[in-house]
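Q: This is the structure, below, for whatever I ask next.
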Amino acid sequence: MGKYPFSKVADYYDTLMKGIDYSDWVDYTVELFKRFGHKPERVLDLACGTGTATLELARRGFEVTAIDLSSEMLEILKKKKEAHKIEIIKTDMQNFKLSHPVDAVTCFFDSINYLTEERELKRCFRCVYEALAEKGIFLFDMNTIYGLSKVWGTNTLIREIDNIYSVWRSVYDASKHISTLYLTLFVGDGKFYKRVEEVHQERAYPMEKIEELLLKAGFSTVDIFAHMTTSIFLDISSRVMIAAEKKE
């Protein structure tokens, strides 16, 4: 797998993600803030990518810091951030330190699944804990083992949207709970097509392990919901939303 999987596809990412309603995702996140009694002012959007969710947070009045490791994805965010004052930082979600504490940390669209080693999760969760103010909350979604094994599985999906013809070939390794996605784009440009290829990997973890690692990082409580609900997740939940609170 390439070291920076979101470098080549950055220019096409927003087109590929047109079917994702980030506004609904952020509305759901705000409702969870309220459910847990949090009224954040400063929010860190972790692994922000091209910043579609970041912008939704900013439009709702939050003071947003956005971090990502992909220079190419961050360049897209810089171009579309409008008049919003968003602090943009290029850094690794496993190894970052903010100059000021935040009240909440968000991480959308299974970015945490890209951490395929437990030690990477430990580093990330500890960095988030240190970035949060004394009473802060960390909200993030993840693909589950069921999601990667049954929904993604070992399959090939072909999509066509605007001028992009894409082939999504996923291979699931049941022994490691890792899905490898071989993504090939054919981008139309007049009479010709440009070919773009990237390889992505995601790992799913037992939810008990995620809870254990969050508690070890210092979080006081961990709640896990079926995504877009406030109901406990099921064995057939393909995606979950996790809320970890810091209480000192």
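Just remember, in the structure tokens the first chain shown is A, the second B, etc., residues are 1-based per chain, and ligands are 1-based in the order shown.
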Would you list the contacts of Asn155 in chain A as a ChimeraX atom specification, taking every protein, DNA or RNA residue within 6 Å and counting only C-alpha atoms, but skipping same-chain residues closer than 2 positions in sequence?
A: /A:153,169-170
Q: Store the residues picked out above in a file with C-alpha atoms, as a PDB file, in the first residue's frame.
A:
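Written file, out12.pdb:
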ATOM      1  CA  GLY A 153     -16.459  -8.362   1.502  1.00  0.00           C
ATOM      2  CA  ARG A 169     -12.131  -3.958  -5.914  1.00  0.00           C
ATOM      3  CA  SER A 170     -12.057  -4.980  -2.262  1.00  0.00           C
TER       4      SER A 170
END
Q: Ala47 in chain A: which residues within 7 Å, counting only C-alpha atoms, same-chain residues fewer than 2 positions away excluded, as a list in words?
A: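 Residues near the query, excluding close chain neighbours: Asp45, Gly49, Ile67, Asp68, Met93, Cys107 and Ser111 of chain A.
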Q: Grab the residues selected above and save them as a PDB file, in the first residue's frame with N, CA and C atoms.
A:
ATOM      1  N   ASP A  45     -11.432  18.717  13.916  1.00  0.00           N
ATOM      2  CA  ASP A  45     -11.879  17.706  12.962  1.00  0.00           C
ATOM      3  C   ASP A  45     -10.658  16.915  12.512  1.00  0.00           C
ATOM      4  N   GLY A  49      -9.600  15.374   5.599  1.00  0.00           N
ATOM      5  CA  GLY A  49      -9.665  15.208   4.152  1.00  0.00           C
ATOM      6  C   GLY A  49      -9.878  16.531   3.433  1.00  0.00           C
ATOM      7  N   ILE A  67      -7.168  18.853  10.807  1.00  0.00           N
ATOM      8  CA  ILE A  67      -5.850  18.273  10.550  1.00  0.00           C
ATOM      9  C   ILE A  67      -5.971  17.060   9.620  1.00  0.00           C
ATOM     10  N   ASP A  68      -4.964  16.888   8.798  1.00  0.00           N
ATOM     11  CA  ASP A  68      -4.897  15.742   7.896  1.00  0.00           C
ATOM     12  C   ASP A  68      -3.444  15.571   7.481  1.00  0.00           C
ATOM     13  N   MET A  93      -2.538  11.948  12.483  1.00  0.00           N
ATOM     14  CA  MET A  93      -3.476  11.806  13.600  1.00  0.00           C
ATOM     15  C   MET A  93      -2.939  10.890  14.692  1.00  0.00           C
ATOM     16  N   CYS A 107     -14.216  12.811  14.079  1.00  0.00           N
ATOM     17  CA  CYS A 107     -13.491  12.111  13.024  1.00  0.00           C
ATOM     18  C   CYS A 107     -14.513  11.320  12.221  1.00  0.00           C
ATOM     19  N   SER A 111     -12.293   7.101   9.110  1.00  0.00           N
ATOM     20  CA  SER A 111     -10.859   7.416   9.051  1.00  0.00           C
ATOM     21  C   SER A 111     -10.057   6.626  10.087  1.00  0.00           C
TER      22      SER A 111
END
Q: Among range 181-218 of chain A, which residues does DSSP mark as alpha helix (DSSP H) when it is run on the backbone? Keep the chain and numbering as in the structure and answer as a ChimeraX atom specification.
A: /A:207-217
Q: Just write the chosen residues, N, CA and C atoms, as a PDB file, in the first residue's frame.
A:
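Final file, out21.pdb:
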ATOM      1  N   MET A 207     -15.471  -4.201  19.097  1.00  0.00           N
ATOM      2  CA  MET A 207     -15.800  -2.974  19.825  1.00  0.00           C
ATOM      3  C   MET A 207     -15.271  -3.007  21.261  1.00  0.00           C
ATOM      4  N   GLU A 208     -15.134  -4.214  21.806  1.00  0.00           N
ATOM      5  CA  GLU A 208     -14.566  -4.330  23.146  1.00  0.00           C
ATOM      6  C   GLU A 208     -13.123  -3.827  23.168  1.00  0.00           C
ATOM      7  N   LYS A 209     -12.402  -4.067  22.095  1.00  0.00           N
ATOM      8  CA  LYS A 209     -11.019  -3.613  22.013  1.00  0.00           C
ATOM      9  C   LYS A 209     -10.961  -2.089  21.892  1.00  0.00           C
ATOM     10  N   ILE A 210     -11.845  -1.507  21.104  1.00  0.00           N
ATOM     11  CA  ILE A 210     -11.878  -0.046  20.965  1.00  0.00           C
ATOM     12  C   ILE A 210     -12.187   0.601  22.310  1.00  0.00           C
ATOM     13  N   GLU A 211     -13.168   0.050  23.028  1.00  0.00           N
ATOM     14  CA  GLU A 211     -13.505   0.587  24.344  1.00  0.00           C
ATOM     15  C   GLU A 211     -12.317   0.473  25.293  1.00  0.00           C
ATOM     16  N   GLU A 212     -11.664  -0.672  25.289  1.00  0.00           N
ATOM     17  CA  GLU A 212     -10.499  -0.901  26.157  1.00  0.00           C
ATOM     18  C   GLU A 212      -9.397   0.118  25.884  1.00  0.00           C
ATOM     19  N   LEU A 213      -9.095   0.351  24.616  1.00  0.00           N
ATOM     20  CA  LEU A 213      -8.009   1.264  24.270  1.00  0.00           C
ATOM     21  C   LEU A 213      -8.365   2.713  24.613  1.00  0.00           C
ATOM     22  N   LEU A 214      -9.618   3.085  24.460  1.00  0.00           N
ATOM     23  CA  LEU A 214     -10.051   4.444  24.825  1.00  0.00           C
ATOM     24  C   LEU A 214      -9.942   4.652  26.341  1.00  0.00           C
ATOM     25  N   LEU A 215     -10.369   3.669  27.103  1.00  0.00           N
ATOM     26  CA  LEU A 215     -10.277   3.785  28.559  1.00  0.00           C
ATOM     27  C   LEU A 215      -8.817   3.829  29.010  1.00  0.00           C
ATOM     28  N   LYS A 216      -7.963   3.038  28.380  1.00  0.00           N
ATOM     29  CA  LYS A 216      -6.548   3.066  28.712  1.00  0.00           C
ATOM     30  C   LYS A 216      -5.908   4.407  28.359  1.00  0.00           C
ATOM     31  N   ALA A 217      -6.436   5.075  27.327  1.00  0.00           N
ATOM     32  CA  ALA A 217      -5.912   6.388  26.938  1.00  0.00           C
ATOM     33  C   ALA A 217      -6.310   7.468  27.936  1.00  0.00           C
TER      34      ALA A 217
END
Q: Enumerate as a PyMOL selection string all residues of range 3-89 of chain A assigned to strand (DSSP E or B) by DSSP on the backbone, naming them with the chain letters and numbers the document uses.
A: chain A and resi 42-46+63-68+87-89
Q: Pull C-alpha atoms from the residues just selected and write them as a CSV table (one decimal), in the first residue's frame.
A:
chain,number,residue,atom,x,y,z
A,42,ARG,CA,-13.7,24.8,19.7
A,43,VAL,CA,-13.8,21.6,17.7
A,44,LEU,CA,-10.9,19.6,16.1
A,45,ASP,CA,-11.9,17.7,13.0
A,46,LEU,CA,-9.4,14.8,12.8
A,63,GLU,CA,-14.4,27.4,15.9
A,64,VAL,CA,-12.8,24.6,13.9
A,65,THR,CA,-9.2,23.2,13.6
A,66,ALA,CA,-8.7,20.7,10.8
A,67,ILE,CA,-5.9,18.3,10.5
A,68,ASP,CA,-4.9,15.7,7.9
A,87,GLU,CA,-7.2,26.5,11.2
A,88,ILE,CA,-5.6,24.0,8.9
A,89,ILE,CA,-2.7,21.8,10.0
Q: Could you please determine the separation between CA of Phe6 in chain A and CA of Glu75 in chain A in Å, to one decimal place?
A: 11.9 Å
Q: For Glu202 in chain A, which residue among A:Thr116, A:Ser149, A:Ser166, A:Ser220 is the nearest when counting only C-alpha atoms?
A: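 Counting only C-alpha atoms, the residue closest to Glu202 in chain A is A:Thr116.
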Q: If you measure from CA of Val30 in chain A to CA of Leu148 in chain A, what distance in Å do you get, rounded to one decimal?
A: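 Interatomic distance, CA of Val30 in chain A to CA of Leu148 in chain A: 26.8 Å.
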Q: Between A:Ala131, A:Leu185, A:Val171, A:Val105, which has the minimum distance to Arg159 in chain A (counting only C-alpha atoms)?
A: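 Using only C-alpha atoms, the shortest distance to Arg159 in chain A belongs to A:Leu185.
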Q: Which is closer to Glu41 in chain A than all the others in A:Ile158, A:Ala104, A:Ile232, A:Leu55, using only C-alpha atoms?
A: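 Among the listed residues, A:Ala104 lies closest to Glu41 in chain A.
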Q: From the set A:Asp11, A:Phe233, A:Gly61, A:Lys97, which residue has the shortest atom-to-atom contact distance to Lys85 in chain A, counting only C-alpha atoms?
A: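 The shortest atom-to-atom distance to Lys85 in chain A comes from A:Gly61.
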Q: Just give me the gap between CA of Met73 in chain A and CA of Tyr114 in chain A in Å, one decimal is fine.
A: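 Result for CA of Met73 in chain A versus CA of Tyr114 in chain A: 15.8 Å, one decimal.
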Q: Between A:Ile145, A:Val9, A:Val128, A:Ala83, which is the closest to Thr184 in chain A once you count only C-alpha atoms?
A: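 Between A:Ile145, A:Val9, A:Val128, A:Ala83, the residue approaching Thr184 in chain A most closely is A:Val9.
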Q: Find, counting only C-alpha atoms, the residue in A:Phe186, A:Phe219, A:Ile76, A:Gly37 that gets nearest to Glu130 in chain A.
A: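 That would be A:Phe219, the residue with the smallest distance to Glu130 in chain A.
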Q: Can you list, as JSON, numbers by chain, every protein, DNA or RNA residue that comes within 9 Å of Val187 in chain A when you count only C-alpha atoms, leaving out same-chain residues fewer than 5 positions away?
A: {"A": [12, 163, 164, 165, 166, 192, 193, 194, 195, 196]}
Q: Can I get the selection written as a PDB file, in the first residue's frame, with N, CA and C atoms?
A:
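Full text of again05.pdb as output:
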ATOM      1  N   TYR A  12     -10.399  14.263  -7.133  1.00  0.00           N
ATOM      2  CA  TYR A  12     -11.644  13.612  -7.540  1.00  0.00           C
ATOM      3  C   TYR A  12     -12.475  13.142  -6.346  1.00  0.00           C
ATOM      4  N   ASN A 163     -17.747  12.720 -14.884  1.00  0.00           N
ATOM      5  CA  ASN A 163     -16.802  12.254 -15.901  1.00  0.00           C
ATOM      6  C   ASN A 163     -15.851  11.188 -15.379  1.00  0.00           C
ATOM      7  N   ILE A 164     -16.231  10.556 -14.252  1.00  0.00           N
ATOM      8  CA  ILE A 164     -15.337   9.570 -13.635  1.00  0.00           C
ATOM      9  C   ILE A 164     -15.976   8.184 -13.661  1.00  0.00           C
ATOM     10  N   TYR A 165     -15.266   7.257 -14.256  1.00  0.00           N
ATOM     11  CA  TYR A 165     -15.634   5.839 -14.239  1.00  0.00           C
ATOM     12  C   TYR A 165     -14.694   5.177 -13.239  1.00  0.00           C
ATOM     13  N   SER A 166     -15.251   4.535 -12.222  1.00  0.00           N
ATOM     14  CA  SER A 166     -14.399   4.003 -11.148  1.00  0.00           C
ATOM     15  C   SER A 166     -14.652   2.521 -10.914  1.00  0.00           C
ATOM     16  N   PHE A 192     -10.151  11.577 -24.266  1.00  0.00           N
ATOM     17  CA  PHE A 192      -9.244  10.643 -23.595  1.00  0.00           C
ATOM     18  C   PHE A 192      -9.633  10.450 -22.127  1.00  0.00           C
ATOM     19  N   TYR A 193      -9.089   9.384 -21.549  1.00  0.00           N
ATOM     20  CA  TYR A 193      -9.286   9.098 -20.134  1.00  0.00           C
ATOM     21  C   TYR A 193      -7.933   9.034 -19.435  1.00  0.00           C
ATOM     22  N   LYS A 194      -7.882   9.650 -18.264  1.00  0.00           N
ATOM     23  CA  LYS A 194      -6.703   9.557 -17.428  1.00  0.00           C
ATOM     24  C   LYS A 194      -6.932   8.465 -16.392  1.00  0.00           C
ATOM     25  N   ARG A 195      -5.958   7.577 -16.242  1.00  0.00           N
ATOM     26  CA  ARG A 195      -6.078   6.473 -15.284  1.00  0.00           C
ATOM     27  C   ARG A 195      -5.383   6.837 -13.981  1.00  0.00           C
ATOM     28  N   VAL A 196      -6.092   6.657 -12.873  1.00  0.00           N
ATOM     29  CA  VAL A 196      -5.562   6.955 -11.540  1.00  0.00           C
ATOM     30  C   VAL A 196      -5.776   5.726 -10.669  1.00  0.00           C
TER      31      VAL A 196
END
Q: Excluding Ile236 in chain A and its own-chain neighbours fewer than 6 positions away, which residues fall within 9 Å of it when counting only C-alpha atoms? Please give them as an NGL selection string.
A: :A and (144 or 146-147)
Q: As a PDB file with C-alpha atoms, in the first residue's frame, please: the residues near Ala133 in chain A (cut-off 6 Å, only C-alpha atoms, same-chain neighbours under 3 positions excluded).
A:
ATOM      1  CA  PRO A 101      -7.218  22.767  23.948  1.00  0.00           C
ATOM      2  CA  VAL A 102     -10.472  21.962  22.158  1.00  0.00           C
ATOM      3  CA  ASP A 103     -13.865  21.083  23.594  1.00  0.00           C
ATOM      4  CA  GLY A 136     -14.331  17.156  26.401  1.00  0.00           C
TER       5      GLY A 136
END
Q: I'd like the neighbourhood of Phe108 in chain A as JSON, numbers by chain, where a residue qualifies if any of its atoms comes within 10 Å (using only C-alpha atoms), though same-chain residues fewer than 3 positions away should be ignored.
A: {"A": [22, 25, 26, 29, 45, 46, 47, 48, 49, 53, 54, 111, 112, 139, 140, 141, 142, 241]}
